[in-house]
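Shown here: query.tsv, TSV, C-alpha atoms and all ligand atoms.
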chain	number	residue	atom	x	y	z
A	35	MET	CA	54.83	70.38	3.83
A	36	PRO	CA	54.73	68.40	7.09
A	37	GLU	CA	57.99	67.65	8.87
A	38	LEU	CA	59.73	64.45	7.77
A	39	GLU	CA	60.92	62.21	10.58
A	40	ILE	CA	63.56	59.50	10.29
A	41	ILE	CA	62.96	57.18	13.22
A	42	GLY	CA	65.77	55.01	14.53
A	43	ALA	CA	69.04	55.04	16.46
A	44	PRO	CA	71.80	56.86	14.56
A	45	GLN	CA	74.20	53.90	14.93
A	46	SER	CA	72.07	51.80	12.58
A	47	ASN	CA	73.72	51.62	9.17
A	48	TYR	CA	70.29	51.64	7.54
A	49	VAL	CA	69.17	54.72	9.48
A	50	TRP	CA	72.35	56.38	8.28
A	51	VAL	CA	71.53	55.47	4.63
A	52	THR	CA	68.16	57.22	4.84
A	53	ARG	CA	69.82	60.30	6.35
A	54	ILE	CA	72.36	60.40	3.50
A	55	ALA	CA	69.43	60.21	1.08
A	56	CYS	CA	67.75	63.20	2.77
A	57	HIS	CA	70.96	65.18	2.63
A	58	GLU	CA	71.59	64.35	-1.04
A	59	LYS	CA	68.06	65.46	-1.95
A	60	GLY	CA	68.23	68.56	0.26
A	61	VAL	CA	65.28	67.36	2.35
A	62	PRO	CA	65.14	68.64	5.94
A	63	TYR	CA	64.31	65.97	8.51
A	64	THR	CA	64.20	65.34	12.22
A	65	LEU	CA	65.94	62.28	13.63
A	66	VAL	CA	63.91	60.47	16.28
A	67	PRO	CA	66.56	58.24	17.89
A	68	VAL	CA	64.71	55.14	19.03
A	69	MET	CA	65.87	51.53	19.25
A	70	PRO	CA	64.43	48.54	17.38
A	71	HIS	CA	61.56	46.67	19.02
A	72	THR	CA	60.27	49.70	20.91
A	73	PRO	CA	56.54	50.44	20.78
A	74	GLU	CA	57.01	53.29	18.29
A	75	ILE	CA	58.93	51.04	15.89
A	76	ASP	CA	56.79	47.95	16.45
A	77	ALA	CA	53.80	50.04	15.40
A	78	ILE	CA	55.43	50.69	12.00
A	79	HIS	CA	57.79	47.83	11.09
A	80	PRO	CA	56.21	44.37	11.25
A	81	LEU	CA	59.53	42.94	12.49
A	82	GLY	CA	60.38	45.85	14.79
A	83	LYS	CA	63.41	47.00	12.76
A	84	ILE	CA	64.81	50.48	12.20
A	85	PRO	CA	64.67	52.79	10.28
A	86	ALA	CA	61.09	53.98	9.95
A	87	LEU	CA	59.76	57.19	8.46
A	88	ARG	CA	56.86	59.43	9.35
A	89	HIS	CA	55.72	62.20	6.98
A	90	GLY	CA	52.30	63.65	7.67
A	91	SER	CA	49.90	60.70	7.69
A	92	LEU	CA	52.41	58.38	5.98
A	93	VAL	CA	54.43	55.87	7.98
A	94	LEU	CA	56.91	53.55	6.30
A	95	ALA	CA	59.42	50.86	7.21
A	96	GLU	CA	62.47	49.49	5.37
A	97	SER	CA	65.35	51.68	4.22
A	98	ARG	CA	64.85	50.95	0.53
A	99	ALA	CA	61.16	51.93	0.68
A	100	ILE	CA	62.00	55.05	2.68
A	101	CYS	CA	64.66	56.08	0.16
A	102	PHE	CA	62.22	55.47	-2.71
A	103	TYR	CA	59.75	57.81	-1.06
A	104	ILE	CA	62.38	60.49	-0.42
A	105	ASP	CA	63.71	60.18	-3.97
A	106	HIS	CA	60.32	60.40	-5.67
A	107	SER	CA	58.60	62.94	-3.42
A	108	PHE	CA	61.15	65.72	-3.50
A	109	ALA	CA	63.05	67.72	-6.09
A	110	GLY	CA	66.81	67.40	-6.17
A	111	PRO	CA	69.13	65.00	-7.94
A	112	PRO	CA	67.76	61.47	-8.38
A	113	LEU	CA	69.22	58.91	-5.97
A	114	VAL	CA	68.57	56.21	-8.57
A	115	SER	CA	68.77	56.99	-12.28
A	116	ARG	CA	65.38	57.14	-14.02
A	117	ASP	CA	67.01	55.41	-16.98
A	118	PRO	CA	65.82	51.78	-16.67
A	119	ALA	CA	69.19	50.13	-17.30
A	120	GLU	CA	71.19	52.49	-15.10
A	121	GLY	CA	68.56	52.42	-12.37
A	122	ALA	CA	68.43	48.63	-12.45
A	123	LEU	CA	72.19	48.43	-12.00
A	124	THR	CA	71.88	50.55	-8.87
A	125	GLU	CA	69.12	48.24	-7.59
A	126	GLN	CA	71.29	45.22	-8.38
A	127	TRP	CA	74.05	46.48	-6.08
A	128	ILE	CA	71.66	47.49	-3.33
A	129	SER	CA	70.23	43.99	-3.43
A	130	ILE	CA	73.59	42.19	-3.47
A	131	VAL	CA	74.95	44.31	-0.63
A	132	ASN	CA	71.82	43.95	1.51
A	133	THR	CA	71.09	40.27	0.98
A	134	HIS	CA	74.64	38.91	0.90
A	135	PHE	CA	77.22	41.35	2.22
A	136	ASP	CA	75.31	42.97	5.10
A	137	VAL	CA	73.09	40.28	6.48
A	138	LEU	CA	75.24	37.19	5.95
A	139	VAL	CA	78.73	38.49	6.59
A	140	ALA	CA	79.25	42.09	7.70
A	141	ARG	CA	76.43	42.21	10.27
A	142	PRO	CA	77.39	39.06	12.21
A	143	TYR	CA	81.08	40.06	12.07
A	144	VAL	CA	80.43	43.59	13.36
A	145	GLY	CA	78.02	42.21	15.95
A	146	ALA	CA	80.66	39.79	17.24
A	147	TYR	CA	82.77	42.83	18.18
A	148	PHE	CA	80.15	45.27	19.44
A	149	PHE	CA	77.61	42.82	20.91
A	150	PRO	CA	79.80	39.75	21.49
A	151	GLY	CA	77.63	37.91	23.97
A	152	THR	CA	80.79	36.44	25.57
A	153	ALA	CA	81.18	35.99	29.32
A	154	ASP	CA	84.13	38.42	29.48
A	155	GLY	CA	82.73	40.89	26.91
A	156	LYS	CA	85.67	40.23	24.56
A	157	PRO	CA	85.10	39.83	20.80
A	158	ASN	CA	83.44	36.54	19.95
A	159	ARG	CA	86.21	34.72	18.05
A	160	ALA	CA	84.00	31.66	17.51
A	161	VAL	CA	81.75	33.84	15.34
A	162	ILE	CA	84.50	35.96	13.78
A	163	GLU	CA	86.95	33.30	12.55
A	164	PRO	CA	84.62	31.35	10.23
A	165	LEU	CA	83.33	34.61	8.74
A	166	LEU	CA	86.77	35.86	7.67
A	167	PRO	CA	87.12	33.90	4.40
A	168	ARG	CA	83.62	34.98	3.38
A	169	LEU	CA	84.36	38.57	4.29
A	170	GLU	CA	87.57	38.37	2.24
A	171	ALA	CA	85.65	37.08	-0.80
A	172	GLN	CA	83.03	39.80	-0.53
A	173	PHE	CA	85.63	42.53	-0.18
A	174	ALA	CA	87.25	41.21	-3.37
A	175	MET	CA	83.84	41.29	-5.11
A	176	LEU	CA	83.27	44.90	-4.08
A	177	ASP	CA	86.82	45.85	-5.01
A	178	ARG	CA	86.21	44.60	-8.54
A	179	ALA	CA	82.84	46.36	-8.68
A	180	VAL	CA	84.24	49.84	-7.95
A	181	ALA	CA	87.53	49.43	-9.82
A	182	ASN	CA	86.36	50.95	-13.12
A	183	THR	CA	84.44	54.06	-12.16
A	184	GLY	CA	84.96	54.53	-8.43
A	185	HIS	CA	81.22	53.87	-7.95
A	186	LEU	CA	79.10	50.75	-7.65
A	187	ALA	CA	76.74	51.63	-10.50
A	188	GLY	CA	77.78	53.78	-13.43
A	189	GLY	CA	79.90	56.87	-13.03
A	190	THR	CA	78.01	58.78	-10.37
A	191	PHE	CA	77.30	58.58	-6.64
A	192	THR	CA	74.00	56.70	-6.36
A	193	LEU	CA	71.88	55.07	-3.70
A	194	ALA	CA	73.99	51.93	-4.15
A	195	ASP	CA	77.00	53.84	-2.80
A	196	MET	CA	74.96	55.52	-0.05
A	197	ASN	CA	73.79	52.06	1.00
A	198	LEU	CA	77.29	50.57	1.23
A	199	LEU	CA	79.28	53.36	2.89
A	200	PRO	CA	77.84	53.05	6.43
A	201	MET	CA	78.68	49.32	6.41
A	202	LEU	CA	82.23	50.07	5.29
A	203	PHE	CA	82.52	52.66	8.08
A	204	TYR	CA	82.01	50.00	10.74
A	205	LEU	CA	84.28	47.54	8.96
A	206	HIS	CA	86.96	50.21	8.66
A	207	HIS	CA	87.11	50.34	12.49
A	208	LEU	CA	87.57	46.61	13.09
A	209	PRO	CA	90.91	44.82	12.83
A	210	GLU	CA	90.58	42.14	10.13
A	211	SER	CA	88.17	44.08	7.96
A	212	SER	CA	90.20	47.29	8.04
A	213	ALA	CA	93.22	45.27	6.86
A	214	MET	CA	91.06	43.84	4.06
A	215	LEU	CA	89.98	47.35	3.11
A	216	ARG	CA	93.62	48.37	2.84
A	217	ARG	CA	94.51	45.26	0.80
A	218	ASN	CA	91.67	45.87	-1.66
A	219	ALA	CA	93.11	49.14	-2.90
A	220	ASP	CA	90.26	50.22	-5.19
A	221	LEU	CA	87.68	49.64	-2.47
A	222	GLY	CA	89.93	51.36	0.08
A	223	ALA	CA	90.26	54.43	-2.18
A	224	TYR	CA	86.50	54.35	-2.81
A	225	TYR	CA	85.86	54.35	0.95
A	226	GLU	CA	88.28	57.19	1.71
A	227	ARG	CA	86.88	59.33	-1.08
A	228	HIS	CA	83.18	58.90	-0.36
A	229	ILE	CA	83.25	58.81	3.44
A	230	ALA	CA	84.44	62.43	3.17
A	231	ARG	CA	81.37	63.44	1.14
A	232	ALA	CA	79.27	66.02	3.01
A	233	SER	CA	76.05	63.96	2.90
A	234	VAL	CA	77.83	60.95	4.42
A	235	ARG	CA	79.90	62.87	6.97
A	236	GLU	CA	76.93	64.84	8.17
A	237	ALA	CA	75.35	61.79	9.84
A	238	VAL	CA	78.42	59.89	11.11
A	239	PRO	CA	76.96	58.29	14.25
A	240	PRO	CA	78.31	58.61	17.77
A	241	PRO	CA	79.76	55.35	19.21
A	242	PHE	CA	77.34	52.83	20.66
A	243	PRO	CA	76.07	53.80	24.13
A	244	GLY	CA	78.65	52.90	26.79
A	245	ARG	CA	81.61	53.18	24.36
A	246	SER	CA	83.86	56.21	23.93
A	247	SER	CA	85.04	55.48	20.37
A	248	TRP	CA	84.50	53.20	17.40
A	249	SER	CA	87.88	51.55	17.80
A	250	VAL	CA	87.89	48.00	19.13
A	251	GLU	CA	90.74	45.71	20.13
A	252	GLY	CA	91.08	42.46	18.16
B	1	LIG	N1	65.88	45.41	5.59
B	1	LIG	C1	65.90	46.39	6.64
B	1	LIG	C2	66.99	46.06	7.63
B	1	LIG	C3	66.94	46.94	8.84
B	1	LIG	C4	67.80	46.41	9.96
B	1	LIG	O1	68.36	45.33	9.90
B	1	LIG	N2	67.89	47.25	10.98
B	1	LIG	C5	68.62	46.84	12.16
B	1	LIG	C6	69.48	47.98	12.66
B	1	LIG	S1	70.74	48.38	11.45
B	1	LIG	C7	67.64	46.44	13.22
B	1	LIG	O2	66.60	47.04	13.39
B	1	LIG	N3	67.98	45.38	13.96
B	1	LIG	C8	67.15	44.84	15.00
B	1	LIG	C9	66.71	43.45	14.68
B	1	LIG	O3	67.05	42.92	13.61
B	1	LIG	O4	66.03	42.86	15.48
B	1	LIG	C10	66.08	47.80	6.06
B	1	LIG	O5	66.67	47.91	4.98
B	1	LIG	O6	65.61	48.77	6.67
What do you get writing this file as structure tokens?
Amino acid sequence: MPELEIIGAPQSNYVWVTRIACHEKGVPYTLVPVMPHTPEIDAIHPLGKIPALRHGSLVLAESRAICFYIDHSFAGPPLVSRDPAEGALTEQWISIVNTHFDVLVARPYVGAYFFPGTADGKPNRAVIEPLLPRLEAQFAMLDRAVANTGHLAGGTFTLADMNLLPMLFYLHHLPESSAMLRRNADLGAYYERHIARASVREAVPPPFPGRSSWSVEG
């Protein structure tokens, strides 16, 4: 078997998801820590985004496609149930989290702290404040989703959970969102339980270059 490479900076939540998938399946991989929009990534992802994967002659972009490949090419527990209804529920939560929670709310909020674009480098309150009610609503949605089983889809740890945990990690380190995580007790318990899972812990990223920790002042 050729070596499998996960290509992308470890701080990317989506790079982290693909690494959790490798760990869950017991697939050895090499991390190639490159930034978005570098020649290596631009040659694979049409929009220059990370992660990418290389495995022999195969190159792939997009975390969901990469996880599909990992899940279906290797032995080990399925990341998504092969039962159509259970598998579809996992896909439903991956889709909701990626197209609503991550891109519309969590990503701009996290970015306003870590890449504020302000003259003094302080968090960008003009971006953060209007996002807070939406973040609150989405935390409540996720809290309800995990309340019954402690998982997003069914009663086991699936790719839907792997996909969400890296986002919650960043939110856990920022002031308003960590308070929301505490207020939404089922989601808070879900986070504490699963962030300790070996596959998730194994790839906790170092802080962004130039920072000594993940903590940020409000
Ligand atoms: N839909 C993509 C999203 C990937 C993504 O947004 N990656 C971020 C890093 S977490 C990125 O490359 N950002 C650079 C950019 O958007 O220009 C996936 O699931 O892989």
Open item on the list: Distance limit 8 Å, reference ligand LIG 1 (chain B), atoms considered: all atoms listed in the file. Which residues make the cut? Give them as a ChimeraX atom specification.
Closed with: /A:45-49,69-71,81-86,95-98,132,137
Using C-alpha atoms, can you write the selected residues to a file as a CSV table (one decimal), keeping the file's coordinate frame?
chain,number,residue,atom,x,y,z
A,45,GLN,CA,74.2,53.9,14.9
A,46,SER,CA,72.1,51.8,12.6
A,47,ASN,CA,73.7,51.6,9.2
A,48,TYR,CA,70.3,51.6,7.5
A,49,VAL,CA,69.2,54.7,9.5
A,69,MET,CA,65.9,51.5,19.2
A,70,PRO,CA,64.4,48.5,17.4
A,71,HIS,CA,61.6,46.7,19.0
A,81,LEU,CA,59.5,42.9,12.5
A,82,GLY,CA,60.4,45.8,14.8
A,83,LYS,CA,63.4,47.0,12.8
A,84,ILE,CA,64.8,50.5,12.2
A,85,PRO,CA,64.7,52.8,10.3
A,86,ALA,CA,61.1,54.0,10.0
A,95,ALA,CA,59.4,50.9,7.2
A,96,GLU,CA,62.5,49.5,5.4
A,97,SER,CA,65.4,51.7,4.2
A,98,ARG,CA,64.8,51.0,0.5
A,132,ASN,CA,71.8,44.0,1.5
A,137,VAL,CA,73.1,40.3,6.5
Open item on the list: For a quick check of understanding, using only C-alpha atoms, which of A:Arg88, A:Arg231, A:Thr72, A:Cys56 has the smallest distance to Leu38 (chain A)?
Closed with: A:Arg88
Task: Nearest to Ala181 (chain A), chosen from A:Ala77, A:Leu208, A:Leu166, A:Ala223, with only C-alpha atoms counted in the distances - done: A:Ala223
Task: Nearest candidate to Glu120 (chain A) (options A:Asn197, A:Lys59, A:Ser246, A:Thr190; using all atoms listed in the file) - done: A:Thr190
Open item on the list: I need the residue nearest Ser91 (chain A) from this list: A:Ser129, A:Pro67, A:Pro111, A:Glu37. Use only C-alpha atoms for the distance.
Closed with: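 With only C-alpha atoms as the atom set, the closest residue is A:Glu37.
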Task: Pick from A:Ile162, A:Leu221, A:Ile130, A:Val61, whichever lies nearest to Phe108 (chain A) using only C-alpha atoms - done: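 Looking at the shortest contact to Phe108 (chain A), the residue is A:Val61.
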Task: From A:Ala230, A:Leu202, A:Ile41, A:Ile104, residue lying nearest Val66 (chain A) [all atoms listed in the file] - done: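 Counting all atoms listed in the file, the residue closest to Val66 (chain A) is A:Ile41.
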Task: Separation of CA of Ala187 (chain A) from CA of Ser115 (chain A) in Å - done: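 CA of Ala187 (chain A) lies at a distance of 9.8 Å from CA of Ser115 (chain A).
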